[in-house]
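As stored in run-v1.tsv (TSV, C-alpha atoms):
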chain	number	residue	atom	x	y	z
A	1	MET	CA	37.06	46.15	240.05
A	2	ASP	CA	40.08	48.39	239.78
A	3	GLY	CA	43.31	47.23	241.29
A	4	ALA	CA	46.68	48.48	242.36
A	5	GLY	CA	48.25	45.51	240.66
A	6	THR	CA	51.92	44.73	240.90
A	7	ASP	CA	52.04	43.34	237.36
A	8	ILE	CA	54.37	45.03	234.93
A	9	ILE	CA	52.67	47.20	232.33
A	10	GLY	CA	54.43	46.82	229.02
A	11	ARG	CA	55.86	49.74	227.09
A	12	MET	CA	53.77	50.93	224.18
A	13	ASP	CA	53.82	53.49	221.42
A	14	PRO	CA	51.88	56.52	222.68
A	15	ASP	CA	49.14	57.97	220.52
A	16	PRO	CA	50.26	61.02	218.51
A	17	GLY	CA	49.56	64.21	220.42
A	18	GLU	CA	49.37	62.55	223.81
A	19	PHE	CA	51.78	63.64	226.54
A	20	LEU	CA	54.19	60.69	226.39
A	21	SER	CA	54.69	61.27	222.65
A	22	MET	CA	56.19	64.67	223.54
A	23	LEU	CA	58.82	63.24	225.90
A	24	THR	CA	62.28	61.85	225.23
A	25	GLU	CA	62.92	58.21	226.14
A	26	GLU	CA	64.82	59.41	229.20
A	27	ASP	CA	62.00	61.65	230.41
A	28	ALA	CA	59.34	59.02	229.72
A	29	ALA	CA	61.35	56.46	231.70
A	30	ALA	CA	61.67	58.90	234.62
A	31	LEU	CA	57.90	59.47	234.62
A	32	ARG	CA	57.17	55.75	234.57
A	33	ALA	CA	59.71	55.10	237.33
A	34	ALA	CA	58.09	57.72	239.56
A	35	GLY	CA	54.75	55.93	239.65
A	36	ARG	CA	52.98	52.71	240.42
A	37	PRO	CA	51.18	50.54	237.84
A	38	ARG	CA	47.42	50.03	238.12
A	39	ARG	CA	44.66	48.48	236.06
A	40	TRP	CA	40.96	49.25	235.82
A	41	ASP	CA	38.04	47.39	234.24
A	42	ARG	CA	35.81	48.87	231.56
A	43	GLY	CA	33.24	51.25	233.01
A	44	THR	CA	35.26	52.04	236.14
A	45	THR	CA	35.43	55.64	237.34
A	46	VAL	CA	39.14	56.43	237.54
A	47	ILE	CA	38.91	60.09	238.57
A	48	SER	CA	35.80	61.73	240.04
A	49	GLU	CA	34.80	65.31	239.41
A	50	GLY	CA	35.03	67.33	242.63
A	51	ASP	CA	37.69	65.20	244.29
A	52	THR	CA	40.96	66.76	245.44
A	53	SER	CA	44.29	64.92	245.19
A	54	ASP	CA	47.89	65.37	244.06
A	55	TRP	CA	48.27	62.38	241.75
A	56	VAL	CA	48.12	62.07	237.99
A	57	LEU	CA	47.53	59.11	235.71
A	58	VAL	CA	49.73	58.32	232.74
A	59	LEU	CA	47.58	56.09	230.53
A	60	MET	CA	49.50	53.15	229.05
A	61	GLU	CA	46.78	50.86	227.64
A	62	GLY	CA	43.18	51.43	226.57
A	63	ARG	CA	41.02	54.52	226.21
A	64	VAL	CA	39.07	56.71	228.61
A	65	LYS	CA	36.48	59.45	228.33
A	66	VAL	CA	36.80	62.74	230.16
A	67	SER	CA	33.39	64.14	231.02
A	68	SER	CA	31.45	66.54	233.19
A	69	HIS	CA	27.78	66.95	234.06
A	70	THR	CA	25.60	70.02	233.71
A	71	SER	CA	23.36	71.22	236.54
A	72	SER	CA	20.50	69.31	234.90
A	73	GLY	CA	22.50	66.07	234.95
A	74	THR	CA	23.37	65.91	231.25
A	75	GLU	CA	26.76	64.36	230.57
A	76	VAL	CA	29.12	66.39	228.40
A	77	VAL	CA	32.07	64.44	227.00
A	78	LEU	CA	35.09	66.73	226.88
A	79	ALA	CA	37.66	64.40	225.36
A	80	VAL	CA	38.72	60.84	224.62
A	81	ARG	CA	42.26	59.95	225.68
A	82	GLY	CA	44.37	56.99	224.62
A	83	PRO	CA	47.77	55.47	225.41
A	84	GLY	CA	50.28	58.11	226.45
A	85	GLY	CA	47.63	60.46	227.78
A	86	LEU	CA	48.14	62.46	230.97
A	87	LEU	CA	45.09	62.83	233.20
A	88	GLY	CA	44.40	64.85	236.33
A	89	GLU	CA	47.32	67.24	235.97
A	90	LEU	CA	45.49	70.52	236.67
A	91	SER	CA	44.09	69.48	240.04
A	92	ALA	CA	47.38	67.85	241.00
A	93	ILE	CA	49.22	71.10	240.30
A	94	ASP	CA	46.90	73.77	241.71
A	95	GLY	CA	45.18	71.78	244.45
A	96	THR	CA	41.65	72.63	243.32
A	97	PRO	CA	38.93	69.96	242.96
A	98	ARG	CA	38.95	67.76	239.88
A	99	SER	CA	37.13	69.53	237.05
A	100	ALA	CA	36.00	66.36	235.25
A	101	THR	CA	35.37	62.66	235.65
A	102	VAL	CA	37.54	60.08	233.87
A	103	THR	CA	35.89	56.75	233.00
A	104	ALA	CA	37.44	53.67	231.41
A	105	LEU	CA	35.86	52.98	228.00
A	106	GLU	CA	37.63	49.61	227.90
A	107	PRO	CA	40.05	47.77	230.21
A	108	ILE	CA	42.88	50.20	230.88
A	109	ALA	CA	46.30	50.26	232.51
A	110	GLY	CA	48.37	53.19	233.64
A	111	ILE	CA	50.98	54.63	235.94
A	112	VAL	CA	49.81	56.60	238.98
A	113	VAL	CA	52.31	59.32	239.92
A	114	ARG	CA	51.73	60.86	243.34
A	115	ASP	CA	53.00	64.27	244.52
A	116	PHE	CA	53.20	65.39	240.90
A	117	PRO	CA	54.28	68.99	241.73
A	118	THR	CA	57.46	67.69	243.41
A	119	PHE	CA	58.17	65.49	240.40
A	120	LEU	CA	57.88	68.53	238.11
A	121	GLU	CA	60.20	70.57	240.35
A	122	ASN	CA	62.85	67.91	239.81
A	123	HIS	CA	62.21	67.54	236.06
A	124	GLY	CA	62.11	71.03	234.57
A	125	ARG	CA	62.07	69.88	230.95
A	126	ILE	CA	58.92	67.81	231.57
A	127	ALA	CA	57.33	70.82	233.29
A	128	VAL	CA	57.90	72.95	230.17
A	129	LEU	CA	56.38	70.26	227.95
A	130	LEU	CA	53.39	70.10	230.28
A	131	MET	CA	52.84	73.82	229.75
A	132	GLN	CA	52.88	73.19	226.00
A	133	LEU	CA	50.31	70.40	226.44
A	134	VAL	CA	48.00	72.66	228.46
A	135	SER	CA	48.32	75.32	225.75
A	136	LEU	CA	47.40	72.79	223.05
A	137	ARG	CA	44.35	71.67	225.03
A	138	LEU	CA	43.19	75.26	225.48
A	139	ARG	CA	43.46	75.82	221.73
A	140	ASP	CA	41.51	72.60	221.10
A	141	SER	CA	38.83	73.75	223.54
A	142	ASP	CA	38.54	77.07	221.68
A	143	ARG	CA	38.25	75.21	218.36
A	144	LYS	CA	35.41	73.07	219.69
A	145	ARG	CA	33.54	76.14	220.93
A	146	ILE	CA	33.73	77.55	217.41
A	147	GLU	CA	32.45	74.25	216.00
A	148	TYR	CA	29.44	74.27	218.32
A	149	GLY	CA	28.47	77.72	217.10
A	150	ALA	CA	29.26	77.27	213.40
A	151	PHE	CA	28.46	73.61	212.57
A	152	ASP	CA	25.19	71.71	212.57
A	153	THR	CA	24.94	68.37	214.38
A	154	THR	CA	25.91	66.35	211.30
A	155	GLY	CA	29.01	68.51	210.83
A	156	ARG	CA	30.02	68.06	214.48
A	157	VAL	CA	29.48	64.30	214.33
A	158	ALA	CA	31.55	64.13	211.13
A	159	THR	CA	34.33	66.11	212.84
A	160	ARG	CA	34.42	63.78	215.86
A	161	LEU	CA	34.45	60.69	213.60
A	162	LEU	CA	37.39	62.14	211.67
A	163	GLU	CA	39.23	62.76	214.93
A	164	LEU	CA	38.68	59.17	216.01
A	165	ALA	CA	39.74	57.88	212.59
A	166	GLU	CA	42.96	59.87	212.65
A	167	ARG	CA	43.85	58.69	216.14
A	168	TYR	CA	42.54	55.13	216.22
A	169	GLY	CA	41.54	54.17	212.68
A	170	GLU	CA	42.72	50.99	210.95
A	171	LYS	CA	42.82	50.84	207.16
A	172	THR	CA	40.82	48.01	205.62
A	173	ASN	CA	39.76	47.09	202.07
A	174	SER	CA	36.47	48.91	202.59
A	175	GLY	CA	37.81	52.04	204.27
A	176	VAL	CA	39.02	53.14	207.69
A	177	ARG	CA	37.62	51.11	210.56
A	178	VAL	CA	37.26	52.70	213.99
A	179	ALA	CA	36.48	50.41	216.92
A	180	LEU	CA	34.34	52.95	218.74
A	181	PRO	CA	34.22	52.50	222.53
A	182	LEU	CA	31.58	55.24	222.74
A	183	SER	CA	27.83	54.66	222.87
A	184	GLN	CA	25.51	56.96	220.92
A	185	ASP	CA	24.67	58.71	224.20
A	186	GLU	CA	28.36	59.38	224.78
A	187	LEU	CA	28.87	60.53	221.18
A	188	ALA	CA	25.94	62.88	221.73
A	189	GLY	CA	27.63	64.23	224.84
A	190	TRP	CA	30.83	64.76	222.86
A	191	THR	CA	29.09	66.68	220.08
A	192	GLY	CA	26.80	68.77	222.29
A	193	ALA	CA	23.64	67.28	220.77
A	194	SER	CA	20.81	64.97	221.76
A	195	ARG	CA	20.97	61.23	221.15
A	196	GLU	CA	18.15	61.56	218.61
A	197	ALA	CA	20.02	64.27	216.69
A	198	VAL	CA	23.20	62.16	216.62
A	199	SER	CA	21.25	59.12	215.42
A	200	LYS	CA	19.78	61.23	212.61
A	201	ALA	CA	23.23	62.59	211.71
A	202	LEU	CA	24.71	59.09	211.52
A	203	ARG	CA	21.82	58.01	209.30
A	204	THR	CA	22.46	60.99	207.00
A	205	LEU	CA	26.14	60.07	206.71
A	206	ARG	CA	25.23	56.42	206.03
A	207	ASP	CA	22.69	57.39	203.36
A	208	ARG	CA	25.38	59.40	201.58
A	209	GLY	CA	27.65	56.36	201.55
A	210	LEU	CA	30.26	58.07	203.71
A	211	ILE	CA	30.16	55.64	206.63
A	212	GLU	CA	28.88	52.28	207.78
A	213	THR	CA	27.97	51.74	211.42
A	214	GLY	CA	27.77	48.70	213.68
A	215	ARG	CA	27.82	48.01	217.38
A	216	ARG	CA	30.43	50.42	218.78
A	217	ARG	CA	32.26	50.58	215.47
A	218	VAL	CA	32.28	52.77	212.37
A	219	VAL	CA	33.79	52.15	208.94
A	220	ILE	CA	34.52	55.34	207.03
A	221	HIS	CA	34.24	54.63	203.30
A	222	ASP	CA	35.00	58.16	202.10
A	223	ILE	CA	37.39	60.15	204.30
A	224	GLU	CA	37.49	63.15	201.95
A	225	GLY	CA	33.73	63.21	201.63
A	226	LEU	CA	33.39	63.10	205.43
A	227	ARG	CA	35.95	65.87	205.76
A	228	LYS	CA	33.96	68.07	203.37
A	229	ARG	CA	30.79	67.45	205.39
A	230	ALA	CA	32.64	68.37	208.56
A	231	ARG	CA	33.42	71.87	207.28

Take the structure in the file and write it out as structure tokens.
Amino acid sequence: MDGAGTDIIGRMDPDPGEFLSMLTEEDAAALRAAGRPRRWDRGTTVISEGDTSDWVLVLMEGRVKVSSHTSSGTEVVLAVRGPGGLLGELSAIDGTPRSATVTALEPIAGIVVRDFPTFLENHGRIAVLLMQLVSLRLRDSDRKRIEYGAFDTTGRVATRLLELAERYGEKTNSGVRVALPLSQDELAGWTGASREAVSKALRTLRDRGLIETGRRRVVIHDIEGLRKRAR
């Protein structure tokens, strides 16, 4: 179950590139103060595609996937967001239905800020940074479109693994370990490929000694080799 808990959500270091990492301490404190803390269990739908509302979520703990479904019902994973991420901002600003669904990949906690447009009117500096964030996301979307046209499945899988390693990887004696909250089906949705094609791509990368896989985890033994395969 999700809850509107009254417990205090501790401060954390936001992931690089996420919205909170762009804010000053003063601005981040103002954003936190404007909202209410909530927690959700793993697998909970936090935001539903098609809904209309004026609130945003500032993610403080855990990771979520942002996804949409095609007319045939196939899930397409658009992004993975971690601590510091801002979710639901477009619908909250323009009043149109939510363009994607947000699902908790693990237990998460965040700050729900209602009437987000009014908050932005009173915090002009944050509004400017939000425009920068939207611009960055549009550029990232363009880059992924190029990848889908130029890279094979193995190259796209390698690219997504590198992204996860850079954002969430932990260095170990054997390489960079990524605790992967995504299933193979979800990784397939993120790379625009079938589950079978992703399974084959992972096997290819394992056979080359670039990675080692386990249940919802990957150890990257050769970052540079994986980066070359991603090109």

Write out, as CSV, each residue of segment 120-147 of chain A that has an atom at most 12 Å from segment 187-202 of chain A, together with the closest pair of atoms and their distance in Å to one decimal, counting all atoms listed in the file, rows going by chain and rising number.
residue,atom,partner,partner_atom,distance
A:Lys144,CA,A:Thr191,CA,9.0
A:Arg145,CA,A:Gly192,CA,10.1
A:Glu147,CA,A:Thr191,CA,9.2

Quiz prompt | Among the residues A:Glu212, A:Glu186, A:Asp27, A:Glu166, the one that comes closest to Ala79 of chain A [using all atoms listed in the file] | solution =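 Looking only at the distances to Ala79 of chain A, the closest residue turns out to be A:Glu186.
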
Quiz item: Do you have the atom CA of Gly209 of chain A-atom CA of His221 of chain A distance handy?
Solution: 7.0 Å

Exercise. Go ahead and compute the interatomic distance for atom CA of Leu20 of chain A and atom CA of Ser183 of chain A, in Å to one decimal.
Key: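 Distance between the two atoms: 27.3 Å.
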
Quiz item: Counting all atoms listed in the file, what is within 12 Å of Thr118 of chain A, bar same-chain residues fewer than 6 positions away, as a list in words?
Solution: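 So the residues in contact are Ala34, Asp54, Trp55, Ala92, Ile93, Gly124, Ile126 and Ala127 of chain A.
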
Self-check item: Contact residues around Thr172 of chain A with all atoms listed in the file at 10 Å, ignoring same-chain residues under 5 positions, as a PyMOL selection string
Solution: chain A and resi 177+219-221

Exercise. Record the distance separating atom CA of His69 of chain A and atom CA of Arg39 of chain A, expressed in Å with one decimal.
Key: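 These atoms are spaced 25.1 Å apart.
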
Quiz item: Between A:Val218, A:Ala109, A:Leu130, A:Ala150, which is the closest to Lys171 of chain A once you count all atoms listed in the file?
Solution: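 Smallest distance to Lys171 of chain A is found for A:Val218.
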
Quiz prompt | Counting all atoms listed in the file, the residue of A:Val80, A:Leu182, A:Leu90, A:Ala158 that sits nearest Leu59 of chain A | solution =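 Residue with the minimum atom-to-atom distance to Leu59 of chain A: A:Val80.
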
Quiz item: Got a sec: who's within 7 Å of Gly84 of chain A, counting only C-alpha atoms, leaving out chain neighbours fewer than 5 positions off, as a list in words?
Solution: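 Once the nearby chain positions are removed, what remains is Pro14, Asp15, Glu18, Phe19, Leu20, Ser21, Val58, Leu59 and Met60 of chain A.
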
Quiz item: Could you name the residues that touch segment 61-68 of chain A at 7 Å or less, counting all atoms listed in the file, but leaving out those on the same chain fewer than 3 positions away, as a count of residues only?
Solution: 20

Practice problem: Rank nothing, just name the residue among A:Arg98, A:Arg167, A:Arg114, A:Arg36 nearest to Val56 of chain A, using only C-alpha atoms. | Solution: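 Comparing A:Arg98, A:Arg167, A:Arg114, A:Arg36 against Val56 of chain A, the winner is A:Arg114.
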
Centre and edge lengths of an axis-aligned box around all listed atoms of segment 202-221 of chain A, with 6 Å added on each side, are to be given in Å to one decimal, as JSON.
{"center_x": 28.2, "center_y": 54.5, "center_z": 210.2, "size_x": 24.7, "size_y": 25.0, "size_z": 29.2}

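Using only C-alpha atoms, the shortest contact distance between Asp13 of chain A and any of A:Gly169, A:Pro97, A:Gly85, A:Gly35 is found at A:Gly85.
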
Just add N, CA, C and O atoms to segment 131-145 of chain A and send it as a PDB file, in the coordinates of the input.
ATOM      1  N   MET A 131      53.421  72.528 230.098  1.00  0.00           N
ATOM      2  CA  MET A 131      52.840  73.820 229.750  1.00  0.00           C
ATOM      3  C   MET A 131      52.427  73.856 228.281  1.00  0.00           C
ATOM      4  O   MET A 131      51.374  74.411 227.922  1.00  0.00           O
ATOM      5  N   GLN A 132      53.230  73.254 227.414  1.00  0.00           N
ATOM      6  CA  GLN A 132      52.880  73.190 226.000  1.00  0.00           C
ATOM      7  C   GLN A 132      51.613  72.358 225.802  1.00  0.00           C
ATOM      8  O   GLN A 132      50.741  72.724 224.998  1.00  0.00           O
ATOM      9  N   LEU A 133      51.502  71.248 226.543  1.00  0.00           N
ATOM     10  CA  LEU A 133      50.310  70.400 226.440  1.00  0.00           C
ATOM     11  C   LEU A 133      49.063  71.165 226.866  1.00  0.00           C
ATOM     12  O   LEU A 133      48.026  71.108 226.197  1.00  0.00           O
ATOM     13  N   VAL A 134      49.147  71.888 227.986  1.00  0.00           N
ATOM     14  CA  VAL A 134      48.000  72.660 228.460  1.00  0.00           C
ATOM     15  C   VAL A 134      47.609  73.706 227.424  1.00  0.00           C
ATOM     16  O   VAL A 134      46.417  73.939 227.160  1.00  0.00           O
ATOM     17  N   SER A 135      48.592  74.343 226.797  1.00  0.00           N
ATOM     18  CA  SER A 135      48.320  75.320 225.750  1.00  0.00           C
ATOM     19  C   SER A 135      47.588  74.681 224.568  1.00  0.00           C
ATOM     20  O   SER A 135      46.606  75.228 224.043  1.00  0.00           O
ATOM     21  N   LEU A 136      48.040  73.498 224.156  1.00  0.00           N
ATOM     22  CA  LEU A 136      47.400  72.790 223.050  1.00  0.00           C
ATOM     23  C   LEU A 136      45.947  72.447 223.383  1.00  0.00           C
ATOM     24  O   LEU A 136      45.053  72.562 222.538  1.00  0.00           O
ATOM     25  N   ARG A 137      45.712  72.030 224.624  1.00  0.00           N
ATOM     26  CA  ARG A 137      44.350  71.670 225.030  1.00  0.00           C
ATOM     27  C   ARG A 137      43.441  72.892 225.078  1.00  0.00           C
ATOM     28  O   ARG A 137      42.256  72.810 224.735  1.00  0.00           O
ATOM     29  N   LEU A 138      43.985  74.035 225.487  1.00  0.00           N
ATOM     30  CA  LEU A 138      43.190  75.260 225.480  1.00  0.00           C
ATOM     31  C   LEU A 138      42.809  75.648 224.056  1.00  0.00           C
ATOM     32  O   LEU A 138      41.676  76.062 223.787  1.00  0.00           O
ATOM     33  N   ARG A 139      43.757  75.505 223.133  1.00  0.00           N
ATOM     34  CA  ARG A 139      43.460  75.820 221.730  1.00  0.00           C
ATOM     35  C   ARG A 139      42.398  74.863 221.176  1.00  0.00           C
ATOM     36  O   ARG A 139      41.512  75.273 220.419  1.00  0.00           O
ATOM     37  N   ASP A 140      42.503  73.579 221.554  1.00  0.00           N
ATOM     38  CA  ASP A 140      41.510  72.600 221.100  1.00  0.00           C
ATOM     39  C   ASP A 140      40.138  72.931 221.669  1.00  0.00           C
ATOM     40  O   ASP A 140      39.124  72.806 220.978  1.00  0.00           O
ATOM     41  N   SER A 141      40.101  73.358 222.925  1.00  0.00           N
ATOM     42  CA  SER A 141      38.830  73.750 223.540  1.00  0.00           C
ATOM     43  C   SER A 141      38.215  74.933 222.808  1.00  0.00           C
ATOM     44  O   SER A 141      36.996  74.960 222.552  1.00  0.00           O
ATOM     45  N   ASP A 142      39.040  75.911 222.441  1.00  0.00           N
ATOM     46  CA  ASP A 142      38.540  77.070 221.680  1.00  0.00           C
ATOM     47  C   ASP A 142      37.993  76.631 220.325  1.00  0.00           C
ATOM     48  O   ASP A 142      36.951  77.125 219.864  1.00  0.00           O
ATOM     49  N   ARG A 143      38.702  75.696 219.674  1.00  0.00           N
ATOM     50  CA  ARG A 143      38.250  75.210 218.360  1.00  0.00           C
ATOM     51  C   ARG A 143      36.895  74.537 218.472  1.00  0.00           C
ATOM     52  O   ARG A 143      36.015  74.741 217.623  1.00  0.00           O
ATOM     53  N   LYS A 144      36.696  73.760 219.522  1.00  0.00           N
ATOM     54  CA  LYS A 144      35.410  73.070 219.690  1.00  0.00           C
ATOM     55  C   LYS A 144      34.284  74.060 219.969  1.00  0.00           C
ATOM     56  O   LYS A 144      33.147  73.870 219.516  1.00  0.00           O
ATOM     57  N   ARG A 145      34.570  75.121 220.701  1.00  0.00           N
ATOM     58  CA  ARG A 145      33.540  76.140 220.930  1.00  0.00           C
ATOM     59  C   ARG A 145      33.095  76.769 219.606  1.00  0.00           C
ATOM     60  O   ARG A 145      31.914  77.034 219.400  1.00  0.00           O
TER      61      ARG A 145
END
